[in-house]
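To start, the structure under review is shown below, and the notes come after it.
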Amino acid sequence: MAFDSEQSDEPESPATEGAATSDAKDSEATTDTKAAEKAEKRNKDDDAKEEVLVKKWFKTYDHARKFDEPFRKQIAIDRRYAQGKSDPTWAVTTNVIGALIDILTSLVYARDPDVSVRKSPQVDNVGTMPMEKLARTLEIVISRLWKDGKLKRKAKKNVRSILSVAEGWLKCTMIADKEPNSELETALNDTRETIAHLEACEKLLEDPQGMDEDEITAEKAEKKALLEELEDKVEMTIKRMFAIDFVRAEQIQVSTDVDSIEDYLDANWIGNEIYIEKEDALARFPRLELEDLKTAKQYYQSRPKDAAAIADDSERQLTAADAENYSTNNSDAEESALYRVIEIWDRRDKQIRTLMEGVKVWPKKPFAPPYPTSRYFPYFYTAFFETDGARHPQSLSWRLYKLQDEYSCTRSNFRLTRERAIPATMFNATGLDDTEAKKLVEAKHQELIPIRPSDPATPLANLFAAKPVSTVDPRLYDVQPINSDMERVSGVQEALQSGGAPGTPPTATEVSVQQSGTSARTTSYRDNMDWMLTDLAQYTAEQALQALPTKAVQRMAGATA
């Protein structure tokens, strides 16, 4: 049918109109198919590009991990000494290193510090009252955020890690309205997190894993009802918090462009590892599907070892893998699999990249920090025993391990010597038959034992004799020099452990000397903690100024804040 350039006023027949409509639908369907194919092709191209970048970053990260393998091996050794499990074959295994670590932990970090914020110096202080109010407000807000983030508990773990394995790491970040956020081990316990977990459950229901249809239907209905109810309340229950995570030393990796971890703020990048379950993975990373997790490498938490397993370990050379708390070996069929997530903060382009071992794409698209700070990194490092020319510091466990071995050897030898010096009686077995000899061997204390010697005329005094026992010289087993050396190296005074002779209270002068000595020995430790906490206070203030609205601050610090 031919058409003129001008539209005809004559109406088309129904058949013709139907044909035209059908042609239009076919055309739209073809267009939609082409668009879908184009979109699918674009997504595949994006995945291919992502795969190249993901592979590149895994290679970079694995190279740095390989570079620091000796340090992680040392972590495994240090941790054994700190736990008192270095060699369970000793007859005496007193954990002196662990006791010293406990004492120093309580001395170095007894309570959260008092935050002090002051206005910057001015030539003329006229009109600076708002600055003073802001400084006072920041003092209150920082202290409150630290308290809510349970800083004391995390700082105690941090100090214990420093003394045990040389390094202590905290990861701190503000959680507020902006997304995405960095990966944390801290639970938010808010509606936003709950919704993410419910959506993850819906994805898991796509792979029923043995569930029948009725169970699947009931689960879906329950999750859908909860999701609809929570979506109405999400704006009211979003939590704003300053999250503080303690990160184990073996789960932190600093790029190899710095030759000392002490200069970590100048590093190109820093990464940390987190192990999460399948449901958490789907909740945190919405772009991942169940198909993606099928290629992800699965890990399992290592089970505590019994004495026999520890004894076996003491006979072999420990490796870097012994420092890890997760492995690919599954000894329990009911144990849930975990996925290894690596978050890398790149200082050069100010991007946060997330990797999951075995997944070829980004679980979460690279993003900039929602609340940037002057230091960029959210990681806070502390060490007490830095050594010149070494990439990693030393631990107290490493500095004391030979003294610990000497202590265990001395006490074990003393115990064996005392056991062998127990008085005993020998008798002439040829002068008694087997029945009479057995009476003597099985006799108890203070018994009357009738015996019939083979020769009744032989006096009993001729049949028995005392067992020769070597003389024990206690001076050979004196551990006081070892204790003195350990206290001198660690900075713990003997008075803090024994307090002088038993039953003799120290004088006021002795107490004053002990306190001044302890203060002098632990000042350097506290200085290092103060430097870290000062950086943390500035970092907290920078993030709070961006993340907290005025009303939230006024609820913490009053109406005039």
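Ligands are numbered from 1 in the order shown, residues from 1 within each chain, and chains are lettered A, B, ... in the order they appear in the structure tokens.
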
Find the residues around Thr534 in chain A up to 12 Å (only C-alpha atoms counted), leave out those fewer than 4 positions away in its own chain, and share them as a count of residues only. 16

Leaving out Phe67 in chain A and any residue of its chain fewer than 3 positions from it, which residues lie within 12 Å of it when counting only C-alpha atoms, given as a PyMOL selection string? chain A and resi 60-64+70-73+253-257+259+320+391-392

Show me, as number ranges by chain, the residues that have an atom within 10 Å of range 461-465 of chain A when counting only C-alpha atoms, minus same-chain residues fewer than 2 positions from it. A: 424-432, 453, 458-459, 467-468

Excluding same-chain residues fewer than 3 positions from Leu318 in chain A, what lies within 8 Å of it counting only C-alpha atoms, as a list in words?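 The residues satisfying every condition are Lys73, Ala76, Ile77, Asp313 and Asp322 of chain A.
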
Just want the 10 Å neighbourhood of Glu436 in chain A, counted on only C-alpha atoms, with same-chain residues fewer than 6 positions away dropped. Output as a ChimeraX atom specification. /A:429,449-454

Selection: 9 Å around Lys178 in chain A, only C-alpha atoms, excl. self and same-chain fewer than 5 positions, as a VMD selection string: chain A and resid 370 to 371 547

May I have the selected residues written with all heavy atoms, as a compact mmCIF listing (two decimals), in the first residue's frame?
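So the final result, stored in part-v1.txt, reads:
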# COMPACT_ATOMS: atom_id res chain seq x y z
N PRO A 370 33.88 7.88 51.84
CA PRO A 370 32.74 8.81 51.96
C PRO A 370 33.08 10.03 52.82
O PRO A 370 32.51 11.10 52.62
CB PRO A 370 31.65 7.95 52.61
CG PRO A 370 32.37 6.79 53.23
CD PRO A 370 33.58 6.56 52.41
N TYR A 371 34.00 9.87 53.76
CA TYR A 371 34.39 11.00 54.63
C TYR A 371 35.91 11.08 54.63
O TYR A 371 36.57 10.53 55.53
CB TYR A 371 33.85 10.80 56.05
CG TYR A 371 32.35 10.61 56.08
CD1 TYR A 371 31.79 9.36 56.34
CD2 TYR A 371 31.50 11.68 55.83
CE1 TYR A 371 30.42 9.19 56.35
CE2 TYR A 371 30.12 11.51 55.85
CZ TYR A 371 29.59 10.26 56.10
OH TYR A 371 28.24 10.09 56.10
N ALA A 547 30.25 14.05 59.06
CA ALA A 547 29.20 13.03 59.09
C ALA A 547 28.06 13.35 60.04
O ALA A 547 26.93 12.91 59.80
CB ALA A 547 29.82 11.68 59.47

Residues of range 403-495 of chain A in helix (DSSP H, G or I), written as a CSV table (one decimal) with all heavy atoms, in the first residue's frame:
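What ended up in selection.csv:
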chain,number,residue,atom,x,y,z
A,403,LEU,N,65.2,-16.5,77.4
A,403,LEU,CA,65.1,-16.5,78.8
A,403,LEU,C,64.0,-17.4,79.3
A,403,LEU,O,64.1,-18.1,80.3
A,403,LEU,CB,64.9,-15.1,79.3
A,403,LEU,CG,66.1,-14.1,79.2
A,403,LEU,CD1,65.7,-12.7,79.5
A,403,LEU,CD2,67.2,-14.6,80.1
A,404,GLN,N,62.9,-17.4,78.5
A,404,GLN,CA,61.7,-18.3,78.9
A,404,GLN,C,62.2,-19.8,78.7
A,404,GLN,O,61.8,-20.6,79.6
A,404,GLN,CB,60.6,-18.0,77.9
A,404,GLN,CG,59.4,-19.0,78.1
A,404,GLN,CD,58.6,-18.8,79.4
A,404,GLN,OE1,57.9,-17.8,79.5
A,404,GLN,NE2,58.8,-19.8,80.3
A,405,ASP,N,62.9,-20.1,77.7
A,405,ASP,CA,63.4,-21.5,77.5
A,405,ASP,C,64.4,-21.8,78.7
A,405,ASP,O,64.3,-22.9,79.2
A,405,ASP,CB,64.2,-21.6,76.2
A,405,ASP,CG,63.2,-21.6,75.0
A,405,ASP,OD1,62.0,-21.8,75.2
A,405,ASP,OD2,63.7,-21.4,73.9
A,406,GLU,N,65.2,-20.9,79.1
A,406,GLU,CA,66.2,-21.2,80.2
A,406,GLU,C,65.4,-21.4,81.5
A,406,GLU,O,65.7,-22.2,82.3
A,406,GLU,CB,67.2,-20.0,80.3
A,406,GLU,CG,68.2,-20.3,81.4
A,406,GLU,CD,69.2,-19.1,81.6
A,406,GLU,OE1,69.1,-18.1,80.8
A,406,GLU,OE2,70.1,-19.3,82.4
A,407,TYR,N,64.4,-20.6,81.7
A,407,TYR,CA,63.5,-20.7,82.9
A,407,TYR,C,62.9,-22.1,82.9
A,407,TYR,O,62.9,-22.8,83.9
A,407,TYR,CB,62.5,-19.6,82.9
A,407,TYR,CG,61.6,-19.6,84.2
A,407,TYR,CD1,62.0,-18.8,85.2
A,407,TYR,CD2,60.5,-20.4,84.3
A,407,TYR,CE1,61.2,-18.8,86.4
A,407,TYR,CE2,59.7,-20.4,85.4
A,407,TYR,CZ,60.1,-19.6,86.5
A,407,TYR,OH,59.3,-19.6,87.6
A,408,SER,N,62.3,-22.5,81.8
A,408,SER,CA,61.6,-23.8,81.7
A,408,SER,C,62.6,-24.9,81.9
A,408,SER,O,62.3,-25.9,82.6
A,408,SER,CB,60.9,-23.9,80.4
A,408,SER,OG,59.9,-22.9,80.2
A,409,CYS,N,63.8,-24.8,81.3
A,409,CYS,CA,64.8,-25.8,81.4
A,409,CYS,C,65.3,-26.0,82.9
A,409,CYS,O,65.4,-27.1,83.4
A,409,CYS,CB,66.0,-25.5,80.5
A,409,CYS,SG,67.4,-26.7,80.6
A,410,THR,N,65.5,-24.8,83.5
A,410,THR,CA,66.0,-24.8,84.9
A,410,THR,C,64.9,-25.4,85.9
A,410,THR,O,65.3,-26.3,86.7
A,410,THR,CB,66.3,-23.4,85.4
A,410,THR,OG1,67.3,-22.9,84.5
A,410,THR,CG2,66.9,-23.4,86.8
A,411,ARG,N,63.7,-25.0,85.7
A,411,ARG,CA,62.7,-25.5,86.6
A,411,ARG,C,62.4,-27.0,86.3
A,411,ARG,O,62.1,-27.7,87.2
A,411,ARG,CB,61.4,-24.7,86.4
A,411,ARG,CG,61.5,-23.2,86.8
A,411,ARG,CD,61.7,-23.1,88.3
A,411,ARG,NE,60.6,-23.5,89.1
A,411,ARG,CZ,60.5,-23.7,90.4
A,411,ARG,NH1,61.6,-23.4,91.1
A,411,ARG,NH2,59.4,-24.1,91.0
A,412,SER,N,62.4,-27.4,85.1
A,412,SER,CA,62.2,-28.8,84.7
A,412,SER,C,63.3,-29.7,85.3
A,412,SER,O,63.0,-30.7,85.8
A,412,SER,CB,62.1,-28.9,83.2
A,412,SER,OG,61.0,-28.2,82.7
A,413,ASN,N,64.5,-29.2,85.2
A,413,ASN,CA,65.6,-30.0,85.7
A,413,ASN,C,65.5,-30.1,87.2
A,413,ASN,O,65.8,-31.2,87.8
A,413,ASN,CB,67.0,-29.4,85.3
A,413,ASN,CG,67.3,-29.6,83.9
A,413,ASN,OD1,66.7,-30.5,83.2
A,413,ASN,ND2,68.1,-28.8,83.3
A,414,PHE,N,65.1,-29.0,87.9
A,414,PHE,CA,65.0,-29.1,89.3
A,414,PHE,C,63.9,-30.0,89.7
A,414,PHE,O,64.0,-30.8,90.7
A,414,PHE,CB,64.6,-27.6,89.8
A,414,PHE,CG,64.6,-27.5,91.3
A,414,PHE,CD1,65.6,-28.2,92.1
A,414,PHE,CD2,63.7,-26.7,91.9
A,414,PHE,CE1,65.6,-28.1,93.5
A,414,PHE,CE2,63.7,-26.5,93.3
A,414,PHE,CZ,64.6,-27.2,94.1
A,415,ARG,N,62.8,-30.1,89.0
A,415,ARG,CA,61.7,-31.0,89.3
A,415,ARG,C,62.1,-32.4,89.1
A,415,ARG,O,61.9,-33.3,90.0
A,415,ARG,CB,60.5,-30.7,88.4
A,415,ARG,CG,59.4,-31.7,88.5
A,415,ARG,CD,58.2,-31.4,87.6
A,415,ARG,NE,57.3,-32.5,87.6
A,415,ARG,CZ,56.1,-32.5,86.9
A,415,ARG,NH1,55.8,-31.5,86.1
A,415,ARG,NH2,55.3,-33.6,87.0
A,416,LEU,N,62.8,-32.7,88.1
A,416,LEU,CA,63.3,-34.1,87.8
A,416,LEU,C,64.3,-34.5,88.9
A,416,LEU,O,64.3,-35.7,89.4
A,416,LEU,CB,63.9,-34.2,86.4
A,416,LEU,CG,63.0,-34.0,85.3
A,416,LEU,CD1,63.7,-34.0,84.0
A,416,LEU,CD2,61.9,-35.1,85.3
A,417,THR,N,65.2,-33.6,89.3
A,417,THR,CA,66.2,-33.9,90.3
A,417,THR,C,65.5,-34.2,91.7
A,417,THR,O,65.9,-35.1,92.4
A,417,THR,CB,67.1,-32.7,90.5
A,417,THR,OG1,67.8,-32.4,89.3
A,417,THR,CG2,68.2,-33.0,91.6
A,418,ARG,N,64.5,-33.4,92.0
A,418,ARG,CA,63.8,-33.7,93.3
A,418,ARG,C,63.0,-35.0,93.2
A,418,ARG,O,63.0,-35.7,94.2
A,418,ARG,CB,62.8,-32.6,93.5
A,418,ARG,CG,63.4,-31.3,94.0
A,418,ARG,CD,62.4,-30.2,94.3
A,418,ARG,NE,61.6,-29.9,93.2
A,418,ARG,CZ,60.4,-29.2,93.2
A,418,ARG,NH1,59.9,-28.8,94.3
A,418,ARG,NH2,59.8,-29.0,92.1
A,419,GLU,N,62.4,-35.3,92.1
A,419,GLU,CA,61.7,-36.6,91.9
A,419,GLU,C,62.7,-37.8,92.1
A,419,GLU,O,62.4,-38.8,92.7
A,419,GLU,CB,61.0,-36.7,90.6
A,419,GLU,CG,59.8,-35.8,90.5
A,419,GLU,CD,59.2,-35.8,89.1
A,419,GLU,OE1,59.8,-36.4,88.2
A,419,GLU,OE2,58.1,-35.2,88.9
A,420,ARG,N,63.9,-37.6,91.6
A,420,ARG,CA,64.9,-38.7,91.7
A,420,ARG,C,65.5,-38.8,93.0
A,420,ARG,O,66.2,-39.8,93.4
A,420,ARG,CB,66.0,-38.5,90.6
A,420,ARG,CG,65.5,-38.7,89.2
A,420,ARG,CD,66.4,-38.3,88.1
A,420,ARG,NE,65.9,-38.5,86.8
A,420,ARG,CZ,66.5,-38.1,85.7
A,420,ARG,NH1,67.6,-37.4,85.8
A,420,ARG,NH2,65.9,-38.3,84.5
A,429,ALA,N,67.0,-59.2,96.9
A,429,ALA,CA,66.0,-60.0,96.4
A,429,ALA,C,66.3,-61.5,96.4
A,429,ALA,O,65.5,-62.4,96.4
A,429,ALA,CB,65.6,-59.6,95.0
A,430,THR,N,67.6,-61.8,96.4
A,430,THR,CA,68.0,-63.2,96.5
A,430,THR,C,67.8,-63.9,97.8
A,430,THR,O,67.8,-65.1,98.0
A,430,THR,CB,69.5,-63.4,96.1
A,430,THR,OG1,70.3,-62.6,97.1
A,430,THR,CG2,69.8,-62.8,94.7
A,431,GLY,N,67.6,-63.0,98.8
A,431,GLY,CA,67.4,-63.5,100.2
A,431,GLY,C,65.9,-63.7,100.5
A,431,GLY,O,65.6,-64.2,101.6
A,434,ASP,N,59.8,-64.9,95.7
A,434,ASP,CA,59.0,-63.9,95.0
A,434,ASP,C,57.8,-63.5,95.8
A,434,ASP,O,57.4,-62.3,95.8
A,434,ASP,CB,58.5,-64.5,93.6
A,434,ASP,CG,59.7,-64.7,92.7
A,434,ASP,OD1,60.8,-64.1,92.9
A,434,ASP,OD2,59.5,-65.4,91.7
A,435,THR,N,57.2,-64.4,96.5
A,435,THR,CA,56.0,-64.0,97.3
A,435,THR,C,56.3,-63.0,98.4
A,435,THR,O,55.6,-62.0,98.6
A,435,THR,CB,55.4,-65.3,97.9
A,435,THR,OG1,55.0,-66.2,96.8
A,435,THR,CG2,54.1,-64.9,98.6
A,436,GLU,N,57.4,-63.3,99.1
A,436,GLU,CA,57.8,-62.4,100.2
A,436,GLU,C,58.3,-61.0,99.6
A,436,GLU,O,58.0,-60.0,100.2
A,436,GLU,CB,59.0,-63.0,101.0
A,436,GLU,CG,58.6,-64.4,101.6
A,436,GLU,CD,57.4,-64.3,102.5
A,436,GLU,OE1,57.3,-63.3,103.3
A,436,GLU,OE2,56.5,-65.1,102.4
A,437,ALA,N,59.0,-61.0,98.5
A,437,ALA,CA,59.4,-59.8,97.9
A,437,ALA,C,58.3,-58.9,97.4
A,437,ALA,O,58.2,-57.7,97.5
A,437,ALA,CB,60.4,-60.0,96.7
A,438,LYS,N,57.2,-59.6,96.9
A,438,LYS,CA,56.0,-58.8,96.5
A,438,LYS,C,55.3,-58.1,97.6
A,438,LYS,O,54.8,-57.0,97.5
A,438,LYS,CB,55.1,-59.8,95.8
A,438,LYS,CG,53.9,-59.1,95.1
A,438,LYS,CD,53.0,-60.1,94.3
A,438,LYS,CE,51.8,-59.4,93.7
A,438,LYS,NZ,51.0,-60.4,92.9
A,439,LYS,N,55.4,-58.8,98.8
A,439,LYS,CA,54.8,-58.1,100.0
A,439,LYS,C,55.4,-56.8,100.3
A,439,LYS,O,54.8,-55.8,100.6
A,439,LYS,CB,54.9,-59.0,101.2
A,439,LYS,CG,54.1,-60.3,101.2
A,439,LYS,CD,54.3,-61.1,102.5
A,439,LYS,CE,53.5,-62.4,102.5
A,439,LYS,NZ,53.8,-63.1,103.8
A,440,LEU,N,56.7,-56.7,100.1
A,440,LEU,CA,57.5,-55.5,100.4
A,440,LEU,C,57.2,-54.4,99.3
A,440,LEU,O,57.0,-53.2,99.6
A,440,LEU,CB,59.0,-55.8,100.5
A,440,LEU,CG,59.4,-56.6,101.6
A,440,LEU,CD1,60.9,-56.9,101.5
A,440,LEU,CD2,59.3,-55.8,102.9
A,441,VAL,N,57.2,-54.8,98.1
A,441,VAL,CA,57.0,-53.9,97.0
A,441,VAL,C,55.6,-53.3,97.1
A,441,VAL,O,55.4,-52.1,96.8
A,441,VAL,CB,57.2,-54.6,95.6
A,441,VAL,CG1,56.8,-53.6,94.5
A,441,VAL,CG2,58.6,-55.0,95.5
A,460,LEU,N,67.7,-59.3,109.4
A,460,LEU,CA,66.9,-58.5,108.4
A,460,LEU,C,67.8,-57.2,108.0
A,460,LEU,O,67.7,-56.7,106.9
A,460,LEU,CB,65.6,-58.0,109.0
A,460,LEU,CG,64.5,-59.1,109.1
A,460,LEU,CD1,63.3,-58.5,109.8
A,460,LEU,CD2,64.2,-59.7,107.8
A,461,ALA,N,68.6,-56.7,108.9
A,461,ALA,CA,69.4,-55.5,108.6
A,461,ALA,C,70.3,-55.8,107.5
A,461,ALA,O,70.8,-54.9,106.8
A,461,ALA,CB,70.1,-55.1,109.9
A,462,ASN,N,70.7,-57.1,107.3
A,462,ASN,CA,71.6,-57.4,106.2
A,462,ASN,C,70.9,-57.5,104.9
A,462,ASN,O,71.6,-57.5,103.8
A,462,ASN,CB,72.3,-58.8,106.5
A,462,ASN,CG,73.2,-58.7,107.7
A,462,ASN,OD1,73.5,-57.6,108.2
A,462,ASN,ND2,73.6,-59.8,108.3
A,474,PRO,N,70.5,-26.3,95.7
A,474,PRO,CA,69.5,-25.3,95.2
A,474,PRO,C,70.0,-24.2,94.4
A,474,PRO,O,69.4,-23.6,93.5
A,474,PRO,CB,68.8,-24.9,96.4
A,474,PRO,CG,69.1,-25.9,97.5
A,474,PRO,CD,70.5,-26.4,97.1
A,475,ARG,N,71.3,-23.8,94.6
A,475,ARG,CA,71.9,-22.7,93.9
A,475,ARG,C,72.0,-23.0,92.4
A,475,ARG,O,72.0,-22.0,91.6
A,475,ARG,CB,73.3,-22.4,94.5
A,475,ARG,CG,73.2,-21.9,95.9
A,475,ARG,CD,74.6,-21.7,96.5
A,475,ARG,NE,75.3,-23.0,96.5
A,475,ARG,CZ,76.6,-23.2,96.9
A,475,ARG,NH1,77.3,-22.1,97.3
A,475,ARG,NH2,77.1,-24.4,97.0
A,476,LEU,N,72.1,-24.3,92.1
A,476,LEU,CA,72.2,-24.6,90.6
A,476,LEU,C,70.9,-24.3,89.9
A,476,LEU,O,70.8,-24.2,88.7
A,476,LEU,CB,72.6,-26.0,90.4
A,476,LEU,CG,74.0,-26.4,91.0
A,476,LEU,CD1,74.2,-27.9,90.8
A,476,LEU,CD2,75.1,-25.6,90.2
A,477,TYR,N,69.8,-24.3,90.7
A,477,TYR,CA,68.4,-24.2,90.1
A,477,TYR,C,67.8,-22.9,90.5
A,477,TYR,O,66.5,-22.7,90.4
A,477,TYR,CB,67.6,-25.4,90.5
A,477,TYR,CG,68.2,-26.7,90.2
A,477,TYR,CD1,68.9,-27.4,91.2
A,477,TYR,CD2,68.2,-27.2,88.9
A,477,TYR,CE1,69.5,-28.6,91.0
A,477,TYR,CE2,68.9,-28.4,88.7
A,477,TYR,CZ,69.5,-29.1,89.7
A,477,TYR,OH,70.1,-30.3,89.4
A,480,GLN,N,66.3,-16.7,90.0
A,480,GLN,CA,66.2,-15.3,90.3
A,480,GLN,C,67.0,-14.5,89.2
A,480,GLN,O,66.5,-13.4,88.8
A,480,GLN,CB,66.8,-15.0,91.7
A,480,GLN,CG,66.7,-13.5,92.1
A,480,GLN,CD,65.2,-13.0,92.1
A,480,GLN,OE1,64.3,-13.7,92.4
A,480,GLN,NE2,65.1,-11.8,91.6
A,481,PRO,N,68.2,-14.9,88.8
A,481,PRO,CA,68.8,-14.1,87.7
A,481,PRO,C,68.0,-14.1,86.4
A,481,PRO,O,68.0,-13.1,85.7
A,481,PRO,CB,70.2,-14.9,87.5
A,481,PRO,CG,70.4,-15.6,88.8
A,481,PRO,CD,69.0,-16.0,89.3
A,482,ILE,N,67.3,-15.2,86.1
A,482,ILE,CA,66.5,-15.2,84.9
A,482,ILE,C,65.3,-14.2,85.1
A,482,ILE,O,65.0,-13.4,84.1
A,482,ILE,CB,66.0,-16.6,84.7
A,482,ILE,CG1,67.1,-17.6,84.5
A,482,ILE,CG2,65.1,-16.6,83.4
A,482,ILE,CD1,66.7,-19.0,84.5
A,483,ASN,N,64.7,-14.2,86.2
A,483,ASN,CA,63.6,-13.3,86.5
A,483,ASN,C,64.0,-11.9,86.4
A,483,ASN,O,63.3,-11.0,85.8
A,483,ASN,CB,63.0,-13.6,87.9
A,483,ASN,CG,62.1,-14.8,87.9
A,483,ASN,OD1,61.6,-15.2,86.9
A,483,ASN,ND2,62.0,-15.4,89.1
A,484,SER,N,65.2,-11.6,86.9
A,484,SER,CA,65.7,-10.2,86.9
A,484,SER,C,66.0,-9.8,85.5
A,484,SER,O,65.7,-8.6,85.1
A,484,SER,CB,67.0,-10.1,87.7
A,484,SER,OG,66.8,-10.4,89.1
A,485,ASP,N,66.5,-10.6,84.7
A,485,ASP,CA,66.8,-10.3,83.3
A,485,ASP,C,65.5,-10.1,82.5
A,485,ASP,O,65.3,-9.1,81.7
A,485,ASP,CB,67.6,-11.4,82.6
A,485,ASP,CG,69.0,-11.5,83.0
A,485,ASP,OD1,69.5,-10.5,83.6
A,485,ASP,OD2,69.7,-12.5,82.8
A,486,MET,N,64.5,-10.9,82.8
A,486,MET,CA,63.2,-10.8,82.1
A,486,MET,C,62.5,-9.4,82.5
A,486,MET,O,61.9,-8.8,81.6
A,486,MET,CB,62.3,-12.0,82.3
A,486,MET,CG,62.8,-13.3,81.8
A,486,MET,SD,61.7,-14.7,82.0
A,486,MET,CE,60.7,-14.5,80.6
A,487,GLU,N,62.6,-9.1,83.7
A,487,GLU,CA,62.0,-7.9,84.2
A,487,GLU,C,62.7,-6.6,83.6
A,487,GLU,O,62.1,-5.6,83.3
A,487,GLU,CB,62.0,-7.8,85.7
A,487,GLU,CG,61.0,-8.8,86.3
A,487,GLU,CD,61.3,-9.1,87.8
A,487,GLU,OE1,62.2,-8.4,88.4
A,487,GLU,OE2,60.7,-9.9,88.4
A,488,ARG,N,64.0,-6.8,83.5
A,488,ARG,CA,64.8,-5.7,83.0
A,488,ARG,C,64.5,-5.4,81.5
A,488,ARG,O,64.4,-4.3,81.0
A,488,ARG,CB,66.3,-5.9,83.2
A,488,ARG,CG,67.2,-4.8,82.8
A,488,ARG,CD,68.7,-5.1,83.0
A,488,ARG,NE,69.0,-5.3,84.4
A,488,ARG,CZ,69.3,-6.5,85.0
A,488,ARG,NH1,69.3,-7.6,84.2
A,488,ARG,NH2,69.5,-6.6,86.3
A,489,VAL,N,64.4,-6.5,80.8
A,489,VAL,CA,64.1,-6.4,79.3
A,489,VAL,C,62.7,-5.9,79.1
A,489,VAL,O,62.4,-5.1,78.2
A,489,VAL,CB,64.4,-7.8,78.6
A,489,VAL,CG1,63.9,-7.7,77.2
A,489,VAL,CG2,65.8,-8.2,78.7
A,490,SER,N,61.7,-6.4,79.9
A,490,SER,CA,60.3,-6.1,79.6
A,490,SER,C,59.9,-4.7,80.2
A,490,SER,O,59.0,-4.1,79.8
A,490,SER,CB,59.4,-7.2,80.2
A,490,SER,OG,59.6,-7.2,81.6
A,494,GLU,N,60.4,-6.2,89.7
A,494,GLU,CA,60.1,-7.3,90.6
A,494,GLU,C,59.1,-7.0,91.7
A,494,GLU,O,58.3,-7.8,92.1
A,494,GLU,CB,61.4,-7.8,91.2
A,494,GLU,CG,61.3,-9.0,92.1
A,494,GLU,CD,62.6,-9.4,92.8
A,494,GLU,OE1,63.6,-8.7,92.6
A,494,GLU,OE2,62.6,-10.3,93.5
A,495,ALA,N,59.1,-5.8,92.1
A,495,ALA,CA,58.2,-5.4,93.2
A,495,ALA,C,56.8,-5.5,92.8
A,495,ALA,O,55.9,-5.7,93.6
A,495,ALA,CB,58.5,-3.9,93.6
